[in-house]
>>> print(open('run-v1.cif').read())   # mmCIF, C-alpha atoms
data_final
#
loop_
_atom_site.label_atom_id
_atom_site.label_comp_id
_atom_site.auth_asym_id
_atom_site.auth_seq_id
_atom_site.Cartn_x
_atom_site.Cartn_y
_atom_site.Cartn_z
CA MET D 1 -93.82 -48.96 55.41
CA ALA D 2 -94.55 -50.66 52.15
CA ASN D 3 -94.29 -54.29 53.21
CA ARG D 4 -96.64 -56.61 51.38
CA ASN D 5 -97.64 -59.18 53.98
CA THR D 6 -101.26 -58.92 52.93
CA ASP D 7 -102.75 -60.86 50.02
CA ALA D 8 -105.59 -63.21 49.18
CA LYS D 9 -103.90 -66.03 51.09
CA ASN D 10 -103.79 -63.95 54.28
CA PRO D 11 -107.26 -62.44 54.60
CA LEU D 12 -107.82 -59.32 56.65
CA ASP D 13 -110.56 -58.27 58.98
CA VAL D 14 -110.32 -54.59 57.94
CA LEU D 15 -108.65 -52.91 54.98
CA VAL D 16 -108.51 -49.11 55.14
CA ALA D 17 -108.11 -47.26 51.81
CA GLY D 18 -106.36 -43.94 52.42
CA ALA D 19 -103.33 -43.16 54.61
CA GLY D 20 -104.31 -39.65 55.63
CA TYR D 21 -105.13 -38.79 59.23
CA VAL D 22 -108.61 -40.28 59.09
CA GLY D 23 -107.53 -43.56 57.51
CA LEU D 24 -104.56 -44.01 59.83
CA ALA D 25 -106.61 -43.08 62.91
CA ALA D 26 -109.28 -45.62 61.90
CA ALA D 27 -106.70 -48.38 61.53
CA VAL D 28 -104.99 -47.53 64.83
CA SER D 29 -108.30 -47.24 66.71
CA LEU D 30 -109.45 -50.69 65.61
CA LYS D 31 -106.14 -52.47 66.09
CA GLN D 32 -105.49 -50.94 69.51
CA ALA D 33 -108.94 -51.88 70.82
CA ARG D 34 -108.94 -55.36 69.27
CA PRO D 35 -105.34 -56.56 68.77
CA GLY D 36 -106.64 -59.79 67.28
CA LEU D 37 -108.09 -57.99 64.27
CA ALA D 38 -105.97 -58.14 61.12
CA VAL D 39 -105.86 -54.54 59.86
CA ALA D 40 -103.97 -53.00 56.93
CA VAL D 41 -103.90 -49.68 55.07
CA VAL D 42 -103.50 -49.14 51.33
CA ASP D 43 -102.79 -45.72 49.83
CA ALA D 44 -102.49 -44.50 46.24
CA ALA D 45 -99.99 -41.73 47.07
CA PRO D 46 -96.29 -42.50 46.60
CA ALA D 47 -94.26 -43.20 49.73
CA GLY D 48 -93.08 -40.06 51.52
CA VAL D 49 -95.47 -37.59 49.88
CA TRP D 50 -97.06 -36.84 53.26
CA GLN D 51 -93.73 -35.46 54.51
CA LYS D 52 -93.92 -32.63 51.96
CA ASP D 53 -97.21 -31.28 53.34
CA ARG D 54 -96.47 -27.85 54.83
CA ARG D 55 -100.03 -27.16 55.98
CA ALA D 56 -101.37 -27.24 59.53
CA SER D 57 -104.76 -28.22 60.91
CA ALA D 58 -106.88 -27.13 63.87
CA ILE D 59 -107.41 -30.16 66.12
CA ALA D 60 -110.39 -29.75 68.45
CA ALA D 61 -110.21 -30.72 72.12
CA ALA D 62 -112.23 -33.90 71.60
CA ALA D 63 -109.91 -35.04 68.81
CA CYS D 64 -106.91 -34.28 71.05
CA ARG D 65 -108.44 -36.55 73.69
CA MET D 66 -108.85 -39.28 71.10
CA LEU D 67 -105.27 -38.92 69.89
CA ASP D 68 -104.12 -39.15 73.50
CA GLN D 69 -106.12 -42.33 73.97
CA LEU D 70 -104.50 -43.71 70.79
CA GLY D 71 -101.05 -43.06 72.20
CA VAL D 72 -99.90 -40.32 69.81
CA TRP D 73 -100.83 -37.00 71.42
CA GLN D 74 -97.82 -36.85 73.75
CA GLU D 75 -95.58 -37.08 70.69
CA ILE D 76 -97.49 -34.26 68.95
CA VAL D 77 -98.33 -31.81 71.73
CA GLY D 78 -94.79 -30.43 72.11
CA GLN D 79 -94.87 -29.28 68.49
CA SER D 80 -98.42 -27.92 68.61
CA GLN D 81 -99.77 -24.47 69.39
CA ALA D 82 -102.73 -24.08 71.73
CA ILE D 83 -105.46 -21.68 70.59
CA THR D 84 -106.06 -19.61 73.72
CA GLU D 85 -108.46 -17.03 72.27
CA MET D 86 -110.71 -16.60 69.23
CA ILE D 87 -112.07 -13.32 67.90
CA VAL D 88 -114.57 -12.67 65.10
CA THR D 89 -114.89 -9.48 63.05
CA ASP D 90 -117.16 -8.46 60.18
CA SER D 91 -115.89 -5.72 57.87
CA ARG D 92 -114.87 -4.73 54.37
CA THR D 93 -111.31 -5.10 53.15
CA ALA D 94 -110.76 -1.34 52.95
CA ASP D 95 -112.24 -0.51 56.36
CA PRO D 96 -109.62 1.27 58.49
CA VAL D 97 -111.00 -0.27 61.70
CA ARG D 98 -112.32 -3.79 62.20
CA PRO D 99 -114.58 -3.86 65.25
CA VAL D 100 -114.54 -7.11 67.21
CA PHE D 101 -118.07 -8.47 67.50
CA LEU D 102 -117.39 -11.77 69.23
CA THR D 103 -114.63 -13.18 71.45
CA PHE D 104 -114.17 -16.69 72.80
CA ASP D 105 -112.00 -17.79 75.68
CA GLY D 106 -110.06 -20.77 74.40
CA GLU D 107 -110.70 -23.35 77.15
CA VAL D 108 -113.32 -26.09 77.47
CA ALA D 109 -111.96 -27.00 80.92
CA PRO D 110 -109.24 -25.46 83.11
CA GLY D 111 -105.96 -26.01 81.33
CA GLU D 112 -107.59 -27.64 78.27
CA PRO D 113 -107.69 -25.41 75.16
CA PHE D 114 -110.63 -25.96 72.82
CA ALA D 115 -108.20 -26.55 69.94
CA HIS D 116 -104.53 -26.89 68.97
CA MET D 117 -102.81 -26.11 65.69
CA VAL D 118 -100.77 -29.10 64.54
CA ALA D 119 -98.52 -29.45 61.49
CA ASN D 120 -100.03 -32.01 59.13
CA LYS D 121 -96.77 -33.92 58.73
CA ASP D 122 -96.35 -34.16 62.52
CA LEU D 123 -99.85 -35.61 62.88
CA ASN D 124 -99.45 -38.02 59.98
CA GLY D 125 -95.99 -39.13 61.12
CA ALA D 126 -97.12 -39.83 64.70
CA LEU D 127 -100.08 -41.92 63.48
CA ARG D 128 -97.83 -43.85 61.09
CA ARG D 129 -95.34 -44.67 63.83
CA ARG D 130 -98.15 -45.82 66.11
CA ALA D 131 -99.56 -47.98 63.32
CA GLN D 132 -96.14 -49.53 62.75
CA LYS D 133 -95.79 -50.28 66.47
CA LEU D 134 -99.17 -52.03 66.43
CA GLY D 135 -98.14 -54.15 63.44
CA ILE D 136 -100.43 -52.51 60.86
CA ASP D 137 -99.17 -53.03 57.32
CA ILE D 138 -99.21 -49.86 55.16
CA ILE D 139 -99.08 -50.46 51.41
CA GLU D 140 -98.10 -47.23 49.62
CA GLY D 141 -98.15 -46.14 46.01
CA VAL D 142 -100.91 -48.57 44.98
CA ALA D 143 -104.52 -47.58 44.27
CA VAL D 144 -107.62 -49.70 44.69
CA ALA D 145 -108.73 -50.64 41.19
CA SER D 146 -112.00 -52.38 42.06
CA PHE D 147 -113.70 -54.53 44.65
CA ASP D 148 -116.50 -57.05 44.78
CA GLY D 149 -118.42 -58.71 47.56
CA ASN D 150 -118.53 -62.46 48.00
CA GLY D 151 -121.12 -62.89 50.73
CA ALA D 152 -118.90 -63.40 53.77
CA GLY D 153 -116.30 -60.86 52.68
CA ILE D 154 -115.02 -58.46 50.05
CA THR D 155 -112.23 -58.91 47.52
CA VAL D 156 -110.23 -55.75 46.88
CA HIS D 157 -108.25 -55.65 43.64
CA LEU D 158 -105.23 -53.34 43.63
CA ALA D 159 -103.83 -51.54 40.59
CA ASP D 160 -100.69 -53.70 40.64
CA GLY D 161 -102.75 -56.87 40.19
CA ALA D 162 -102.77 -58.02 43.82
CA ALA D 163 -106.02 -59.05 45.49
CA ILE D 164 -106.83 -58.70 49.19
CA GLU D 165 -109.65 -60.43 51.03
CA ALA D 166 -111.25 -58.58 53.94
CA ARG D 167 -114.44 -58.51 55.98
CA LEU D 168 -114.70 -54.71 55.93
CA LEU D 169 -113.36 -52.01 53.61
CA VAL D 170 -113.10 -48.49 55.06
CA ALA D 171 -113.03 -45.82 52.34
CA ALA D 172 -111.02 -42.84 53.61
CA ASP D 173 -109.73 -41.73 50.22
CA GLY D 174 -110.83 -38.10 50.22
CA VAL D 175 -113.61 -35.88 48.94
CA ASN D 176 -113.24 -37.17 45.35
CA SER D 177 -113.43 -40.75 46.62
CA LYS D 178 -113.17 -43.36 43.87
CA LEU D 179 -114.23 -46.07 46.30
CA ARG D 180 -117.45 -44.18 47.03
CA ASP D 181 -118.19 -44.23 43.30
CA MET D 182 -117.28 -47.93 43.05
CA ALA D 183 -119.75 -48.67 45.85
CA GLY D 184 -122.48 -46.92 43.86
CA ILE D 185 -123.03 -44.24 46.51
CA LYS D 186 -124.32 -40.94 45.12
CA THR D 187 -123.64 -37.51 46.60
CA VAL D 188 -125.33 -34.18 47.15
CA LYS D 189 -122.82 -31.72 45.75
CA TRP D 190 -122.42 -28.11 44.70
CA GLU D 191 -119.60 -25.63 44.24
CA TYR D 192 -119.36 -22.26 45.98
CA GLY D 193 -117.37 -20.44 43.32
CA GLN D 194 -114.80 -19.83 46.06
CA SER D 195 -111.30 -21.16 46.66
CA GLY D 196 -109.36 -21.38 49.90
CA ILE D 197 -105.84 -19.98 49.78
CA VAL D 198 -103.54 -21.65 52.30
CA CYS D 199 -100.08 -20.45 53.31
CA THR D 200 -97.88 -19.71 56.32
CA VAL D 201 -96.94 -16.18 57.33
CA ALA D 202 -94.06 -15.06 59.56
CA HIS D 203 -94.58 -11.91 61.63
CA GLU D 204 -92.60 -9.69 64.00
CA ARG D 205 -94.70 -9.87 67.14
CA PRO D 206 -96.10 -12.97 68.90
CA HIS D 207 -99.73 -13.97 68.33
CA ASN D 208 -100.15 -15.11 71.97
CA GLY D 209 -102.26 -18.04 70.84
CA ARG D 210 -105.00 -15.87 69.34
CA ALA D 211 -106.94 -17.05 66.31
CA GLU D 212 -108.90 -14.52 64.28
CA GLU D 213 -111.65 -14.89 61.71
CA HIS D 214 -112.44 -11.84 59.64
CA PHE D 215 -115.66 -12.07 57.65
CA LEU D 216 -115.00 -10.19 54.41
CA PRO D 217 -117.34 -9.82 51.42
CA ALA D 218 -115.53 -12.46 49.32
CA GLY D 219 -115.31 -14.97 52.20
CA PRO D 220 -113.68 -15.51 55.59
CA PHE D 221 -110.03 -14.69 56.22
CA ALA D 222 -108.75 -16.76 59.15
CA THR D 223 -105.39 -16.43 60.89
CA LEU D 224 -104.47 -19.42 63.05
CA PRO D 225 -101.53 -19.38 65.48
CA LEU D 226 -98.59 -21.73 64.93
CA LYS D 227 -95.78 -22.71 67.27
CA PRO D 228 -92.72 -20.47 66.69
CA THR D 229 -89.81 -22.05 64.84
CA GLU D 230 -86.66 -23.15 66.67
CA ASP D 231 -85.02 -19.81 65.87
CA GLY D 232 -87.96 -17.94 67.45
CA THR D 233 -89.75 -16.85 64.28
CA ASN D 234 -93.41 -16.06 65.00
CA ARG D 235 -95.80 -17.74 62.56
CA SER D 236 -99.47 -18.05 61.69
CA SER D 237 -101.34 -20.25 59.24
CA LEU D 238 -103.81 -18.60 56.86
CA VAL D 239 -107.05 -19.87 55.37
CA TRP D 240 -108.04 -17.09 52.99
CA VAL D 241 -111.26 -17.54 51.02
CA GLU D 242 -111.69 -15.62 47.77
CA ARG D 243 -113.75 -15.98 44.63
CA SER D 244 -112.09 -18.75 42.65
CA GLU D 245 -111.08 -16.54 39.72
CA ASP D 246 -109.43 -14.02 42.06
CA ALA D 247 -107.76 -16.73 44.13
CA GLU D 248 -106.13 -18.30 41.07
CA LYS D 249 -104.83 -14.92 39.96
CA LEU D 250 -103.41 -14.25 43.41
CA VAL D 251 -101.53 -17.54 43.81
CA SER D 252 -100.22 -17.64 40.24
CA GLY D 253 -99.41 -13.96 39.88
CA ASP D 254 -96.70 -11.63 41.12
CA ASP D 255 -95.47 -12.26 44.68
CA LEU D 256 -95.50 -8.55 45.46
CA VAL D 257 -99.16 -8.21 44.49
CA PHE D 258 -100.01 -11.22 46.66
CA GLU D 259 -98.21 -9.75 49.68
CA GLN D 260 -99.89 -6.36 49.19
CA GLU D 261 -103.34 -7.98 49.09
CA LEU D 262 -102.40 -10.11 52.07
CA GLU D 263 -101.29 -7.08 54.08
CA LEU D 264 -104.64 -5.36 53.40
CA ARG D 265 -106.39 -8.28 55.11
CA PHE D 266 -103.83 -9.32 57.71
CA GLY D 267 -102.98 -5.79 58.85
CA LEU D 268 -99.86 -4.74 60.73
CA LYS D 269 -100.94 -5.48 64.29
CA LEU D 270 -98.25 -8.18 64.46
CA GLY D 271 -95.63 -6.04 62.73
CA GLU D 272 -94.10 -6.74 59.35
CA ILE D 273 -95.20 -9.97 57.68
CA ARG D 274 -93.77 -12.25 55.01
CA VAL D 275 -95.01 -15.38 53.30
CA THR D 276 -92.78 -18.35 54.08
CA ASP D 277 -94.11 -20.94 51.61
CA LYS D 278 -95.78 -21.10 48.23
CA PRO D 279 -99.49 -20.20 48.55
CA ARG D 280 -101.89 -22.77 47.13
CA ALA D 281 -105.60 -22.56 46.36
CA TRP D 282 -108.27 -25.26 46.59
CA PRO D 283 -111.80 -24.97 45.16
CA LEU D 284 -114.49 -25.09 47.85
CA GLY D 285 -117.82 -26.85 47.75
CA LEU D 286 -120.24 -28.97 49.73
CA THR D 287 -120.24 -32.73 49.20
CA ILE D 288 -122.30 -35.11 51.34
CA ALA D 289 -122.69 -38.79 50.52
CA ARG D 290 -126.30 -39.94 50.29
CA ALA D 291 -125.28 -43.02 52.28
CA PHE D 292 -122.25 -43.59 54.49
CA VAL D 293 -122.27 -47.37 54.07
CA ALA D 294 -122.77 -50.09 51.48
CA PRO D 295 -122.42 -53.87 51.87
CA ARG D 296 -119.00 -54.35 53.57
CA VAL D 297 -117.99 -50.74 52.86
CA ALA D 298 -117.97 -47.75 55.24
CA LEU D 299 -117.11 -44.18 54.22
CA ALA D 300 -115.15 -41.98 56.64
CA GLY D 301 -113.77 -38.45 56.58
CA ASP D 302 -113.94 -36.43 53.37
CA ALA D 303 -115.11 -39.50 51.44
CA ALA D 304 -118.37 -39.12 53.38
CA HIS D 305 -118.48 -35.33 53.57
CA GLY D 306 -116.63 -32.26 52.36
CA ILE D 307 -117.74 -28.98 53.92
CA HIS D 308 -116.79 -25.30 53.80
CA PRO D 309 -113.83 -24.40 56.09
CA ILE D 310 -115.72 -21.44 57.60
CA ALA D 311 -116.11 -23.27 60.94
CA GLY D 312 -112.84 -25.21 60.79
CA GLN D 313 -114.61 -28.53 61.39
CA GLY D 314 -113.70 -30.64 58.35
CA LEU D 315 -110.92 -32.73 59.90
CA ASN D 316 -112.71 -32.95 63.24
CA LEU D 317 -115.81 -34.35 61.55
CA GLY D 318 -113.54 -37.03 60.12
CA PHE D 319 -112.21 -37.89 63.57
CA LYS D 320 -115.81 -38.17 64.80
CA ASP D 321 -116.40 -40.70 62.02
CA VAL D 322 -113.36 -42.67 63.14
CA ALA D 323 -114.43 -42.73 66.79
CA ALA D 324 -118.00 -43.78 65.97
CA LEU D 325 -116.98 -46.42 63.42
CA ALA D 326 -114.36 -47.91 65.73
CA GLU D 327 -116.85 -48.10 68.61
CA VAL D 328 -119.48 -49.80 66.46
CA VAL D 329 -117.05 -52.29 64.90
CA VAL D 330 -115.30 -53.14 68.18
CA GLU D 331 -118.60 -53.74 70.00
CA ALA D 332 -119.83 -55.92 67.13
CA ASP D 333 -116.62 -57.95 67.18
CA ARG D 334 -116.86 -58.46 70.95
CA LEU D 335 -120.40 -59.79 70.48
CA GLY D 336 -119.22 -62.18 67.77
CA GLN D 337 -121.12 -60.33 65.03
CA ASP D 338 -119.95 -59.91 61.45
CA ILE D 339 -118.16 -56.54 61.47
CA GLY D 340 -118.83 -55.97 57.76
CA ALA D 341 -122.51 -56.87 57.81
CA LEU D 342 -124.82 -54.11 56.63
CA ASP D 343 -126.92 -54.09 59.81
CA VAL D 344 -123.74 -53.45 61.84
CA LEU D 345 -122.54 -50.70 59.52
CA GLU D 346 -125.96 -49.02 59.56
CA ARG D 347 -125.47 -48.34 63.28
CA TYR D 348 -122.46 -46.23 62.32
CA GLN D 349 -124.45 -44.46 59.62
CA GLN D 350 -127.31 -43.65 61.98
CA TRP D 351 -124.84 -42.26 64.51
CA ARG D 352 -122.98 -39.99 62.12
CA ARG D 353 -125.31 -38.98 59.32
CA PHE D 354 -127.53 -36.45 61.12
CA ASP D 355 -124.58 -34.65 62.75
CA THR D 356 -122.78 -34.48 59.41
CA VAL D 357 -125.77 -33.12 57.49
CA GLN D 358 -126.39 -30.61 60.28
CA MET D 359 -122.79 -29.37 60.12
CA GLY D 360 -122.91 -29.22 56.31
CA VAL D 361 -126.08 -27.12 56.38
CA THR D 362 -124.68 -24.88 59.13
CA THR D 363 -121.46 -24.11 57.26
CA ASP D 364 -123.41 -23.56 54.05
CA VAL D 365 -125.75 -21.06 55.71
CA LEU D 366 -122.88 -19.26 57.48
CA ASN D 367 -120.97 -18.92 54.23
CA ARG D 368 -123.96 -17.53 52.37
CA LEU D 369 -124.81 -15.21 55.27
CA PHE D 370 -121.34 -13.73 55.70
CA SER D 371 -119.74 -13.91 52.22
CA ASN D 372 -121.51 -10.87 50.81
CA ASP D 373 -121.67 -7.09 51.16
CA ILE D 374 -125.43 -6.58 51.41
CA GLY D 375 -126.03 -3.69 53.84
CA PRO D 376 -129.22 -4.85 55.64
CA LEU D 377 -127.88 -8.40 55.92
CA ARG D 378 -124.60 -7.08 57.34
CA GLN D 379 -126.49 -5.13 60.01
CA LEU D 380 -128.59 -8.16 60.90
CA ARG D 381 -125.64 -10.53 61.29
CA ASP D 382 -123.63 -7.99 63.29
CA ILE D 383 -126.56 -7.61 65.69
CA GLY D 384 -126.64 -11.39 65.97
CA LEU D 385 -122.92 -11.59 66.75
CA GLY D 386 -123.32 -8.86 69.35
CA LEU D 387 -126.16 -10.75 71.06
CA VAL D 388 -124.08 -13.92 71.25
CA GLU D 389 -121.21 -11.91 72.76
CA ARG D 390 -123.54 -10.84 75.59
CA MET D 391 -124.84 -14.36 76.36
CA PRO D 392 -122.19 -16.40 78.24
CA ARG D 393 -124.18 -19.63 78.20
CA LEU D 394 -124.68 -19.44 74.45
CA LYS D 395 -120.96 -18.74 73.97
CA GLU D 396 -120.16 -21.76 76.14
CA PHE D 397 -122.47 -23.87 73.97
CA PHE D 398 -120.65 -22.75 70.81
CA ILE D 399 -117.27 -23.48 72.39
CA ARG D 400 -118.33 -27.02 73.27
CA GLN D 401 -119.67 -27.54 69.77
CA ALA D 402 -116.41 -26.29 68.25
CA SER D 403 -114.40 -28.48 70.61
CA GLY D 404 -116.30 -31.59 69.50
CA LEU D 405 -117.74 -32.30 72.95
CA SER D 406 -121.42 -32.19 72.03
CA ASN D 407 -124.12 -34.71 72.94
CA GLY D 408 -123.68 -38.22 71.60
CA THR D 409 -119.89 -37.99 71.52
CA PRO D 410 -118.22 -41.39 70.97
CA ARG D 411 -116.07 -42.71 73.81
CA LEU D 412 -112.71 -42.12 72.10
CA LEU D 413 -113.52 -38.42 71.75
CA LYS D 414 -114.15 -38.27 75.48
CA GLY D 415 -110.69 -39.73 76.04
CA GLU D 416 -112.14 -43.11 77.03
CA ALA D 417 -111.03 -46.52 75.78
CA ILE D 418 -113.40 -48.63 73.68
#
>>> encode(input="run-v1.cif", output="structure tokens")
Amino acid sequence: MANRNTDAKNPLDVLVAGAGYVGLAAAVSLKQARPGLAVAVVDAAPAGVWQKDRRASAIAAAACRMLDQLGVWQEIVGQSQAITEMIVTDSRTADPVRPVFLTFDGEVAPGEPFAHMVANKDLNGALRRRAQKLGIDIIEGVAVASFDGNGAGITVHLADGAAIEARLLVAADGVNSKLRDMAGIKTVKWEYGQSGIVCTVAHERPHNGRAEEHFLPAGPFATLPLKPTEDGTNRSSLVWVERSEDAEKLVSGDDLVFEQELELRFGLKLGEIRVTDKPRAWPLGLTIARAFVAPRVALAGDAAHGIHPIAGQGLNLGFKDVAALAEVVVEADRLGQDIGALDVLERYQQWRRFDTVQMGVTTDVLNRLFSNDIGPLRQLRDIGLGLVERMPRLKEFFIRQASGLSNGTPRLLKGEAI
């Protein structure tokens, strides 16, 4: 979808920069709720790159409800894997036994798992097809070069020389957002000295929908269940956090060494294992924008916040942004207000900023608390995990938080139309 029906002669209401899940979901949410809005998406990545993404993401229950409301979940669910159980351990790599300190039943309601694992390309493809059906133009392979406000709107200049007029620009262009910089928005940012290794592992025995998070001294090692392949191969997705120097050596070194280190952490409870794709490593850090909005610009997803994957909430935070922004913009449009006006956008910022900062601080503290091998601290955190295990109401609270169904949830995340 690279049609160019959008230019300065055909002004838009909303231009979304970034055709990842957050950008596409934002465009679909707005267009579905207000068909009269002219919405388009522009993306710097070449056409078809998204189809090469072999990763998978954990989609929380609230985000699943939103995707269902947007008309894409029924297309995705058949290829997804429900997470039916979650266990947490705290040990050293060489420990022969890893005691389970915490277990979670995987349902927020009868028959509704608190999360599903979905292949990234399946999610992106479903959102693209829905956008196409709604008549949303997607311009691929062209970056935003600059933009400037003109009072009643914003002029977005593309790298190929084209200019697009819009009332609102949504920046969903990732954690290293260039649009955030163009808007003059500063960030709070630091690196953890850790990298997340991501790959897919095939194993002999079925996982039965169980996700596991092992807290190891270098960082968490999470195994997330995937739907078996058509030939019945059992699979899991890994998010393996190591010190950055060690991670780079692992992914660029000998395959045999990688598999030996992997086996030490994964274990043999699911039988023999093998890596099915090329492992990749990404540096981890915390990035939070000091503001989520500027005149006629709203940040969403990783452009507004990049957090540690220890709680698996990065993508789901982005979907919360989408749901809140869509609700604010749609209500403003119904009232005849200027959807790009700063006072309208500040409602979105007020809604999302506290929750985002809270999640950023929480993941930062958890990472610092668990990514070490300090004896007294290990004893303290294990006691804490054990106490949570014995308190059903507290466990239920954590499940609802992880599922995205906390207080102040936007309507789309409840499965309600806006």
>>> atom_distance(input="run-v1.cif", atom1="CA of Val330 (chain D)", atom2="CA of Gly301 (chain D)")
18.8 Å
>>> closest_residue(input="run-v1.cif", among="D:Leu216, D:Ile136, D:Val275, D:Cys199", to="Gln260 (chain D)", atoms="all atoms listed in the file")
D:Val275
>>> resolve_selection(input="run-v1.cif", expression="the PyMOL selection byres ((chain D and resi 307) around 9)", output="mmCIF file with C-alpha atoms, in the coordinates of the input")
data_model
loop_
_atom_site.group_PDB
_atom_site.id
_atom_site.type_symbol
_atom_site.label_atom_id
_atom_site.label_comp_id
_atom_site.auth_asym_id
_atom_site.auth_seq_id
_atom_site.Cartn_x
_atom_site.Cartn_y
_atom_site.Cartn_z
ATOM 1 C CA LEU D 284 -114.490 -25.090 47.850
ATOM 2 C CA GLY D 285 -117.820 -26.850 47.750
ATOM 3 C CA LEU D 286 -120.240 -28.970 49.730
ATOM 4 C CA THR D 287 -120.240 -32.730 49.200
ATOM 5 C CA ILE D 288 -122.300 -35.110 51.340
ATOM 6 C CA ASP D 302 -113.940 -36.430 53.370
ATOM 7 C CA HIS D 305 -118.480 -35.330 53.570
ATOM 8 C CA GLY D 306 -116.630 -32.260 52.360
ATOM 9 C CA HIS D 308 -116.790 -25.300 53.800
ATOM 10 C CA PRO D 309 -113.830 -24.400 56.090
ATOM 11 C CA ILE D 310 -115.720 -21.440 57.600
ATOM 12 C CA GLN D 313 -114.610 -28.530 61.390
ATOM 13 C CA GLY D 314 -113.700 -30.640 58.350
ATOM 14 C CA MET D 359 -122.790 -29.370 60.120
ATOM 15 C CA GLY D 360 -122.910 -29.220 56.310
ATOM 16 C CA VAL D 361 -126.080 -27.120 56.380
ATOM 17 C CA THR D 363 -121.460 -24.110 57.260
ATOM 18 C CA ASP D 364 -123.410 -23.560 54.050
#
>>> closest_residue(input="run-v1.cif", among="D:Arg98, D:Arg296, D:Arg411, D:His207", to="Arg167 (chain D)", atoms="all atoms listed in the file")
D:Arg296
>>> closest_residue(input="run-v1.cif", among="D:Val88, D:Leu394, D:Ala323, D:Ile339", to="Arg65 (chain D)", atoms="only C-alpha atoms")
D:Ala323
>>> atom_distance(input="run-v1.cif", atom1="CA of Gly219 (chain D)", atom2="CA of Phe370 (chain D)")
7.1 Å
>>> closest_residue(input="run-v1.cif", among="D:Val72, D:Ala326, D:Val241, D:Ala56", to="Ala26 (chain D)", atoms="all atoms listed in the file")
D:Ala326
>>> resolve_selection(input="run-v1.cif", expression="the PyMOL selection byres ((chain D and resi 414-418) around 8)", output="number ranges by chain")
D: 33, 62, 65-66, 68-69, 327, 330, 405, 409-413
>>> write_last_selection(input="run-v1.cif", atoms="C-alpha atoms", output="short mmCIF file (atom, residue, chain, number, x, y, z; two decimals), keeping the file's coordinate frame")
data_model
loop_
_atom_site.label_atom_id
_atom_site.label_comp_id
_atom_site.auth_asym_id
_atom_site.auth_seq_id
_atom_site.Cartn_x
_atom_site.Cartn_y
_atom_site.Cartn_z
CA ALA D 33 -108.94 -51.88 70.82
CA ALA D 62 -112.23 -33.90 71.60
CA ARG D 65 -108.44 -36.55 73.69
CA MET D 66 -108.85 -39.28 71.10
CA ASP D 68 -104.12 -39.15 73.50
CA GLN D 69 -106.12 -42.33 73.97
CA GLU D 327 -116.85 -48.10 68.61
CA VAL D 330 -115.30 -53.14 68.18
CA LEU D 405 -117.74 -32.30 72.95
CA THR D 409 -119.89 -37.99 71.52
CA PRO D 410 -118.22 -41.39 70.97
CA ARG D 411 -116.07 -42.71 73.81
CA LEU D 412 -112.71 -42.12 72.10
CA LEU D 413 -113.52 -38.42 71.75
#
>>> resolve_selection(input="run-v1.cif", expression="the PyMOL selection byres ((chain D and resi 215) around 9)", output="ChimeraX atom specification")
/D:88-92,213-214,216-222,370-371
>>> closest_residue(input="run-v1.cif", among="D:Ser57, D:Gly153, D:Gly193, D:Val170", to="Leu345 (chain D)", atoms="only C-alpha atoms")
D:Val170
>>> residues_around(input="run-v1.cif", residues="Ala27 (chain D)", least_positions_apart="6", cutoff="12 Å", atoms="all atoms listed in the file", output="MDAnalysis selection string")
chainID D and resid 13:21 33:35 37:42 70 127:128 130:132 134:138 168:172 300 322:323 325:326 329:330
